[in-house]
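Engineer: One structure, pasted below without further comment.
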Amino acid sequence: MPYIINTSTIDFNNALEQSITKSFTLEMFKEHILKRPKLQSVFDNTQIEKRNFCVPFDFFLNNNTFKETNAIYQKVALQSAKDSVLQLLSKTGVSKKDITDLIYVNSTGLATPSIDALIINDLEMNYNINRYPVWGLGCVGGVSGISKANTIATANPDALVILVNVELCSLTFRKNDFSISNYIAASLFSDGVSSLLVAGDRIFDKMFKGSKQKVKISDTLAKLYHSSLNVMGWEFLDDGFKVIFSKDIPDIISTKVKVDIIDFLNKHNLSFTDIDDFIAHPGGAKIIDSYRDSFDVSEEKLNNTRTVLKNYGNMSSASVIYVLNEFFRNGFTPGNGLMLAVGPGFSSEVVLLDIS
């Protein structure tokens with residue numbers, strides 16, 4: 001079975017206090033909020049204190065074209081992804097020439113050649129590297145990316161796979177969109193860039209056998225739910241990406257997703273009470289509450305998930321890697337770990353970990 005070796009994450013210099021984004025958004029939506037007074041409390045209910053942004057506040061004051069924002073995406077995505085990869089290589093002691101595979105996951109900008117090709121070129125990595133640019137997974141992309149890395153490293157026990165998640169959600173902000181979904185998105189979403197290294201079991205024994213913390217991937221689960229395409233995603237318009245974001249997500253987690261995870265755990269003779277490390281995508285306060293209530297997870301086991309939401313906001317696919325990074329920093333509880341995220345499709349992805 002492959003192993004997760006370590007993670008790296010990026011803190012941007014333009015982080016904003018939630019109070020600032022609240023004041024700006026309330027002013028922008030003031031005429032519409034008068035018609036819907038309940039919207040005034042949305043920012044206060046997010047449990048977010050600050051958010052990770054790749055652009056200064058002035059960006060949100062301008063009427064940016066898609067061409068302008070996508071140019072920013074390409075520049076920031078490449079530089080921050082390289083920084084994250086180099087940080088990861090330094091942490092793990094792995095040479096960039098030894099990386100066999102690179103998965104690049106993103107849903108918030110476009111580039112051809114894809115950013116993974118530019119990373120490999122700029123860092124002069126192995127030019128025979130297998131690369132996998134993956135677009136459009138949204139919030140589920142962090143766990144899905146680990147699942148894909150697991151497939152690669154299972155097929156090749158000597159594989160060293162880097163997963164890079166780059167989500168610059170702030171660049172999709174549409175100043176003249178007064179929909180409720182855009183208002184909710186303005187209260188939640190932010191920017192995140194992360195990297196993660198997965199090693200096949202044979203190379204693990206050669207390079208990492210003496211690791212104090214061993215995080216083995218035991219199994220994965222992917223599920224696409226029929227007739228739910230309108231739950232989450234993008235609508236593509238002339239001026240950029242319009243967010244689709246349904247209020248039904250917590251209910252779907254507490255019903256359909258819960259049943260699938262119970263069946264998945266039963267395969268391994270496990271239940272939710274056997275999970276020692278709960279590593280969940282922090283989609284929002286209500287979604288985290290849904291994990292707690294539906295899966296009977298203690299608040300203590302959700303500390304790292306809530307910490308990431310509080311200090312970073314929802315960074316789409318990168319978020320769950322930031323949560324995993326908190327576990328690598330603070331320490332795991334030996335035993336069973338469960339990674340979970342949901343996203344467009346509507347879909348869910350689960351990774352079961354054996355931690356020692």
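Chains: A, B, ... in order of the structure tokens. Residues: from 1 per chain. Ligands: from 1, in order shown.
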Could you pull out all residues of range 152-321 of chain A with a DSSP call of strand (DSSP E or B) and give them as JSON, numbers by chain?

Structural biologist: {"A": [160, 161, 162, 163, 164, 165, 166, 167, 168, 189, 191, 192, 193, 194, 195, 196, 197, 198, 199, 215, 216, 217, 218, 219, 220, 221, 222, 223, 224, 232, 233, 234, 235, 236, 237, 240, 241, 242, 243, 244, 245, 275, 276, 277, 278, 279, 280, 314]}

Engineer: Taking the DSSP assignment computed from this structure's backbone, write out as a ChimeraX atom specification all residues of range 29-211 of chain A that belong to alpha helix (DSSP H).

Structural biologist: /A:30-33,66-92,115-123,141-155,180-188,201-207

Engineer: How about saving the chosen residues, C-alpha atoms kept, as a compact mmCIF listing (two decimals), in the first residue's frame?

Structural biologist:
# COMPACT_ATOMS: atom_id res chain seq x y z
CA LYS A 30 -27.04 46.67 0.40
CA GLU A 31 -30.11 47.16 -1.80
CA HIS A 32 -30.61 43.42 -2.10
CA ILE A 33 -30.04 42.72 1.60
CA PHE A 66 -11.93 37.36 -17.44
CA LYS A 67 -8.78 37.90 -19.52
CA GLU A 68 -7.26 40.03 -16.75
CA THR A 69 -8.14 37.65 -13.94
CA ASN A 70 -7.00 34.57 -15.82
CA ALA A 71 -3.63 36.23 -16.52
CA ILE A 72 -3.27 36.77 -12.76
CA TYR A 73 -4.25 33.15 -12.20
CA GLN A 74 -1.55 31.86 -14.55
CA LYS A 75 1.17 33.99 -12.94
CA VAL A 76 0.22 33.36 -9.30
CA ALA A 77 -0.61 29.68 -9.80
CA LEU A 78 2.78 28.93 -11.33
CA GLN A 79 4.84 30.81 -8.75
CA SER A 80 2.94 29.60 -5.70
CA ALA A 81 2.83 26.01 -6.99
CA LYS A 82 6.61 26.05 -7.50
CA ASP A 83 7.08 27.45 -3.99
CA SER A 84 4.88 24.72 -2.54
CA VAL A 85 6.65 21.93 -4.45
CA LEU A 86 10.10 23.18 -3.40
CA GLN A 87 8.93 23.41 0.22
CA LEU A 88 7.63 19.83 0.01
CA LEU A 89 10.87 18.53 -1.50
CA SER A 90 12.84 20.26 1.26
CA LYS A 91 10.60 18.72 3.95
CA THR A 92 10.84 15.20 2.57
CA ILE A 115 0.51 24.67 -15.10
CA ASP A 116 2.03 21.28 -14.32
CA ALA A 117 4.05 21.47 -17.55
CA LEU A 118 5.28 24.93 -16.57
CA ILE A 119 6.24 23.72 -13.06
CA ILE A 120 8.27 20.84 -14.50
CA ASN A 121 9.93 23.14 -17.00
CA ASP A 122 10.78 25.95 -14.55
CA LEU A 123 12.05 23.63 -11.80
CA GLY A 141 -10.30 17.56 -5.71
CA GLY A 142 -7.97 17.23 -2.71
CA VAL A 143 -9.20 13.80 -1.65
CA SER A 144 -9.74 12.74 -5.27
CA GLY A 145 -6.16 13.74 -6.05
CA ILE A 146 -4.86 11.52 -3.24
CA SER A 147 -6.97 8.66 -4.58
CA LYS A 148 -5.44 9.13 -8.03
CA ALA A 149 -1.94 9.27 -6.53
CA ASN A 150 -2.75 6.03 -4.70
CA THR A 151 -3.74 4.34 -7.98
CA ILE A 152 -0.47 5.41 -9.60
CA ALA A 153 1.71 4.34 -6.67
CA THR A 154 -0.09 1.02 -6.32
CA ALA A 155 0.61 0.24 -9.97
CA ILE A 180 -27.52 34.75 -3.32
CA SER A 181 -25.00 32.12 -4.46
CA ASN A 182 -22.43 34.84 -5.16
CA TYR A 183 -23.14 36.43 -1.78
CA ILE A 184 -22.62 33.10 0.01
CA ALA A 185 -19.45 32.47 -2.01
CA ALA A 186 -18.16 35.94 -1.07
CA SER A 187 -18.51 34.98 2.60
CA LEU A 188 -16.69 31.64 2.30
CA ASP A 201 5.55 0.86 -0.81
CA ARG A 202 8.84 -0.32 -2.34
CA ILE A 203 10.37 3.16 -2.52
CA PHE A 204 8.93 3.87 0.93
CA ASP A 205 10.92 0.96 2.36
CA LYS A 206 14.08 2.31 0.71
CA MET A 207 13.70 5.98 1.64

Engineer: May I ask which of the residues A:Ser114, A:Asn269, A:Gln18, A:Ser95 is the closest one to Asn45 in chain A, counting only C-alpha atoms?

Structural biologist: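 The answer is A:Gln18, which sits nearest to Asn45 in chain A.
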
Engineer: Which residues of range 31-128 of chain A have any atom within 12 Å of an atom in range 285-298 of chain A when counting only C-alpha atoms, and what is the closest pair of atoms for each, with the distance in Å to one decimal? Order the rows by chain and rising number and write it as a Markdown table.

Structural biologist:
| residue | atom | partner | partner_atom | distance |
| --- | --- | --- | --- | --- |
| A:Val42 | CA | A:Ala285 | CA | 10.7 |
| A:Phe43 | CA | A:Ala285 | CA | 10.8 |
| A:Asp44 | CA | A:Ala285 | CA | 10.6 |
| A:Asn45 | CA | A:Ala285 | CA | 7.3 |
| A:Thr46 | CA | A:Ala285 | CA | 5.5 |
| A:Gln47 | CA | A:Ala285 | CA | 6.3 |
| A:Ile48 | CA | A:Ala285 | CA | 8.6 |

Engineer: Can you spit out the residues from that selection as a PDB file, in the first residue's frame, using N, CA and C atoms?

Structural biologist:
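Below is the file result_36.pdb, written as the result:
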ATOM      1  N   VAL A  42     -25.038  36.141   7.470  1.00  0.00           N
ATOM      2  CA  VAL A  42     -24.302  35.061   6.807  1.00  0.00           C
ATOM      3  C   VAL A  42     -22.823  35.086   7.165  1.00  0.00           C
ATOM      4  N   PHE A  43     -22.191  36.253   7.090  1.00  0.00           N
ATOM      5  CA  PHE A  43     -20.760  36.343   7.379  1.00  0.00           C
ATOM      6  C   PHE A  43     -20.452  35.966   8.828  1.00  0.00           C
ATOM      7  N   ASP A  44     -21.334  36.367   9.738  1.00  0.00           N
ATOM      8  CA  ASP A  44     -21.110  36.079  11.155  1.00  0.00           C
ATOM      9  C   ASP A  44     -21.237  34.589  11.464  1.00  0.00           C
ATOM     10  N   ASN A  45     -21.982  33.873  10.648  1.00  0.00           N
ATOM     11  CA  ASN A  45     -22.220  32.449  10.894  1.00  0.00           C
ATOM     12  C   ASN A  45     -21.185  31.534  10.250  1.00  0.00           C
ATOM     13  N   THR A  46     -20.236  32.100   9.503  1.00  0.00           N
ATOM     14  CA  THR A  46     -19.267  31.257   8.794  1.00  0.00           C
ATOM     15  C   THR A  46     -18.212  30.650   9.717  1.00  0.00           C
ATOM     16  N   GLN A  47     -17.991  31.267  10.894  1.00  0.00           N
ATOM     17  CA  GLN A  47     -16.914  30.881  11.819  1.00  0.00           C
ATOM     18  C   GLN A  47     -15.527  31.133  11.225  1.00  0.00           C
ATOM     19  N   ILE A  48     -15.466  31.989  10.204  1.00  0.00           N
ATOM     20  CA  ILE A  48     -14.194  32.373   9.587  1.00  0.00           C
ATOM     21  C   ILE A  48     -13.723  33.686  10.202  1.00  0.00           C
TER      22      ILE A  48
END

Engineer: Report as a list in words all protein, DNA and RNA residues lying within 12 Å of Asp260 in chain A, evaluated on only C-alpha atoms, omitting residues in the same chain fewer than 2 positions from it.

Structural biologist: Thr220, Leu221, Ala222, Lys223, Leu224, Tyr225, Ile252, Ile253, Ser254, Thr255, Lys256, Val257, Lys258, Ile262, Asp263, Phe264, Leu265, Asn266, Lys267, Ser271, Phe295, Leu340, Ser347, Ser348, Glu349 and Val350 of chain A

Engineer: Go ahead and save the picked residues with N, CA and C atoms, as a CSV table (one decimal), in the first residue's frame.

Structural biologist:
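The file below, selection-v2.csv, is the result:
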chain,number,residue,atom,x,y,z
A,220,THR,N,-9.8,3.5,-0.9
A,220,THR,CA,-10.4,4.7,-1.4
A,220,THR,C,-11.8,4.4,-1.9
A,221,LEU,N,-12.7,5.5,-1.9
A,221,LEU,CA,-14.0,5.3,-2.4
A,221,LEU,C,-14.4,6.6,-3.2
A,222,ALA,N,-14.9,6.4,-4.4
A,222,ALA,CA,-15.5,7.6,-5.1
A,222,ALA,C,-16.9,7.3,-5.5
A,223,LYS,N,-17.8,8.3,-5.3
A,223,LYS,CA,-19.2,8.1,-5.6
A,223,LYS,C,-19.7,9.4,-6.3
A,224,LEU,N,-20.4,9.1,-7.5
A,224,LEU,CA,-21.1,10.2,-8.2
A,224,LEU,C,-22.6,10.0,-8.0
A,225,TYR,N,-23.3,11.0,-7.6
A,225,TYR,CA,-24.7,10.9,-7.3
A,225,TYR,C,-25.5,11.4,-8.5
A,252,ILE,N,-27.5,16.5,1.9
A,252,ILE,CA,-27.0,15.3,1.1
A,252,ILE,C,-25.9,14.6,1.9
A,253,ILE,N,-25.0,15.3,2.6
A,253,ILE,CA,-24.0,14.7,3.4
A,253,ILE,C,-24.6,13.8,4.5
A,254,SER,N,-25.6,14.3,5.1
A,254,SER,CA,-26.2,13.6,6.3
A,254,SER,C,-27.1,12.4,5.8
A,255,THR,N,-27.4,12.3,4.5
A,255,THR,CA,-28.2,11.2,4.1
A,255,THR,C,-27.4,10.3,3.1
A,256,LYS,N,-27.2,10.7,1.9
A,256,LYS,CA,-26.6,9.9,0.9
A,256,LYS,C,-25.1,9.6,1.2
A,257,VAL,N,-24.3,10.6,1.5
A,257,VAL,CA,-22.9,10.4,1.8
A,257,VAL,C,-22.7,9.6,3.0
A,258,LYS,N,-23.5,9.8,4.0
A,258,LYS,CA,-23.4,9.0,5.3
A,258,LYS,C,-23.5,7.5,5.0
A,262,ILE,N,-20.7,4.6,5.6
A,262,ILE,CA,-21.0,3.4,6.5
A,262,ILE,C,-20.7,2.1,5.8
A,263,ASP,N,-21.2,2.0,4.6
A,263,ASP,CA,-21.0,0.8,3.8
A,263,ASP,C,-19.5,0.5,3.5
A,264,PHE,N,-18.8,1.6,3.2
A,264,PHE,CA,-17.3,1.6,2.9
A,264,PHE,C,-16.6,1.1,4.2
A,265,LEU,N,-16.9,1.7,5.3
A,265,LEU,CA,-16.2,1.3,6.6
A,265,LEU,C,-16.6,-0.2,7.0
A,266,ASN,N,-17.8,-0.6,6.7
A,266,ASN,CA,-18.2,-1.9,7.0
A,266,ASN,C,-17.4,-3.0,6.3
A,267,LYS,N,-17.0,-2.6,5.1
A,267,LYS,CA,-16.1,-3.5,4.3
A,267,LYS,C,-14.8,-3.8,5.1
A,271,SER,N,-16.4,1.2,12.0
A,271,SER,CA,-17.5,2.1,12.1
A,271,SER,C,-16.9,3.5,12.4
A,295,PHE,N,-22.1,11.8,11.5
A,295,PHE,CA,-21.1,10.7,11.6
A,295,PHE,C,-20.8,10.5,13.1
A,340,LEU,N,-12.2,13.0,3.8
A,340,LEU,CA,-13.5,13.1,3.2
A,340,LEU,C,-13.7,14.5,2.5
A,347,SER,N,-20.6,14.8,-6.1
A,347,SER,CA,-19.7,13.6,-5.8
A,347,SER,C,-19.1,13.7,-4.4
A,348,SER,N,-18.7,12.5,-4.0
A,348,SER,CA,-17.9,12.4,-2.7
A,348,SER,C,-16.7,11.5,-3.0
A,349,GLU,N,-15.7,11.8,-2.2
A,349,GLU,CA,-14.4,11.0,-2.3
A,349,GLU,C,-14.0,10.7,-0.8
A,350,VAL,N,-13.6,9.5,-0.6
A,350,VAL,CA,-13.1,9.1,0.7
A,350,VAL,C,-11.8,8.3,0.6

Engineer: Which residues are near Thr7 in chain A? Cut-off 10 Å, only C-alpha atoms, ignore same chain within fewer than 6 positions. Put them as JSON, numbers by chain.

Structural biologist: {"A": [84, 85, 87, 88, 89, 91, 92, 162, 163, 164, 194, 195, 196, 197, 198, 321, 322, 323, 324, 325, 326, 327, 328, 329]}

Engineer: Mind dumping the selected residues with C-alpha atoms as a compact mmCIF listing (two decimals), in the first residue's frame?

Structural biologist:
# COMPACT_ATOMS: atom_id res chain seq x y z
CA SER A 84 4.88 24.72 -2.54
CA VAL A 85 6.65 21.93 -4.45
CA GLN A 87 8.93 23.41 0.22
CA LEU A 88 7.63 19.83 0.01
CA LEU A 89 10.87 18.53 -1.50
CA LYS A 91 10.60 18.72 3.95
CA THR A 92 10.84 15.20 2.57
CA ILE A 162 3.44 14.84 -6.11
CA LEU A 163 -0.12 16.13 -5.91
CA VAL A 164 -0.43 19.90 -6.36
CA SER A 194 -0.79 22.87 -1.44
CA SER A 195 1.49 19.98 -2.34
CA LEU A 196 1.63 16.43 -1.07
CA LEU A 197 3.98 13.49 -1.66
CA VAL A 198 2.79 9.90 -2.05
CA ILE A 321 -4.71 19.23 2.28
CA TYR A 322 -4.37 22.20 4.65
CA VAL A 323 -6.28 20.14 7.22
CA LEU A 324 -3.98 17.18 6.61
CA ASN A 325 -1.03 19.57 6.99
CA GLU A 326 -2.34 20.48 10.46
CA PHE A 327 -2.22 16.79 11.39
CA PHE A 328 1.36 16.50 10.14
CA ARG A 329 2.27 19.58 12.21

Engineer: Name the residues in contact with range 57-64 of chain A at a cut-off of 12 Å, using only C-alpha atoms, excluding same-chain residues fewer than 2 positions from it; report them as a count of residues only.

Structural biologist: 35

Engineer: As a list of chain:residue names, please: the residues near Met339 in chain A (cut-off 6 Å, only C-alpha atoms, same-chain neighbours under 2 positions excluded).

Structural biologist: A:Ile279, A:Ala280, A:Val350, A:Val351

Engineer: With only C-alpha atoms as the atoms that count, which of A:Leu352, A:Tyr104, A:Asp191, A:Pro344 lies nearest to Leu270 in chain A?

Structural biologist: A:Leu352

Engineer: With only C-alpha atoms as the basis for distance, which of A:Thr100, A:Ser356, A:Thr65, A:Asn6 is at the shortest distance from Lys212 in chain A?

Structural biologist: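 Using only C-alpha atoms, the shortest distance to Lys212 in chain A belongs to A:Ser356.
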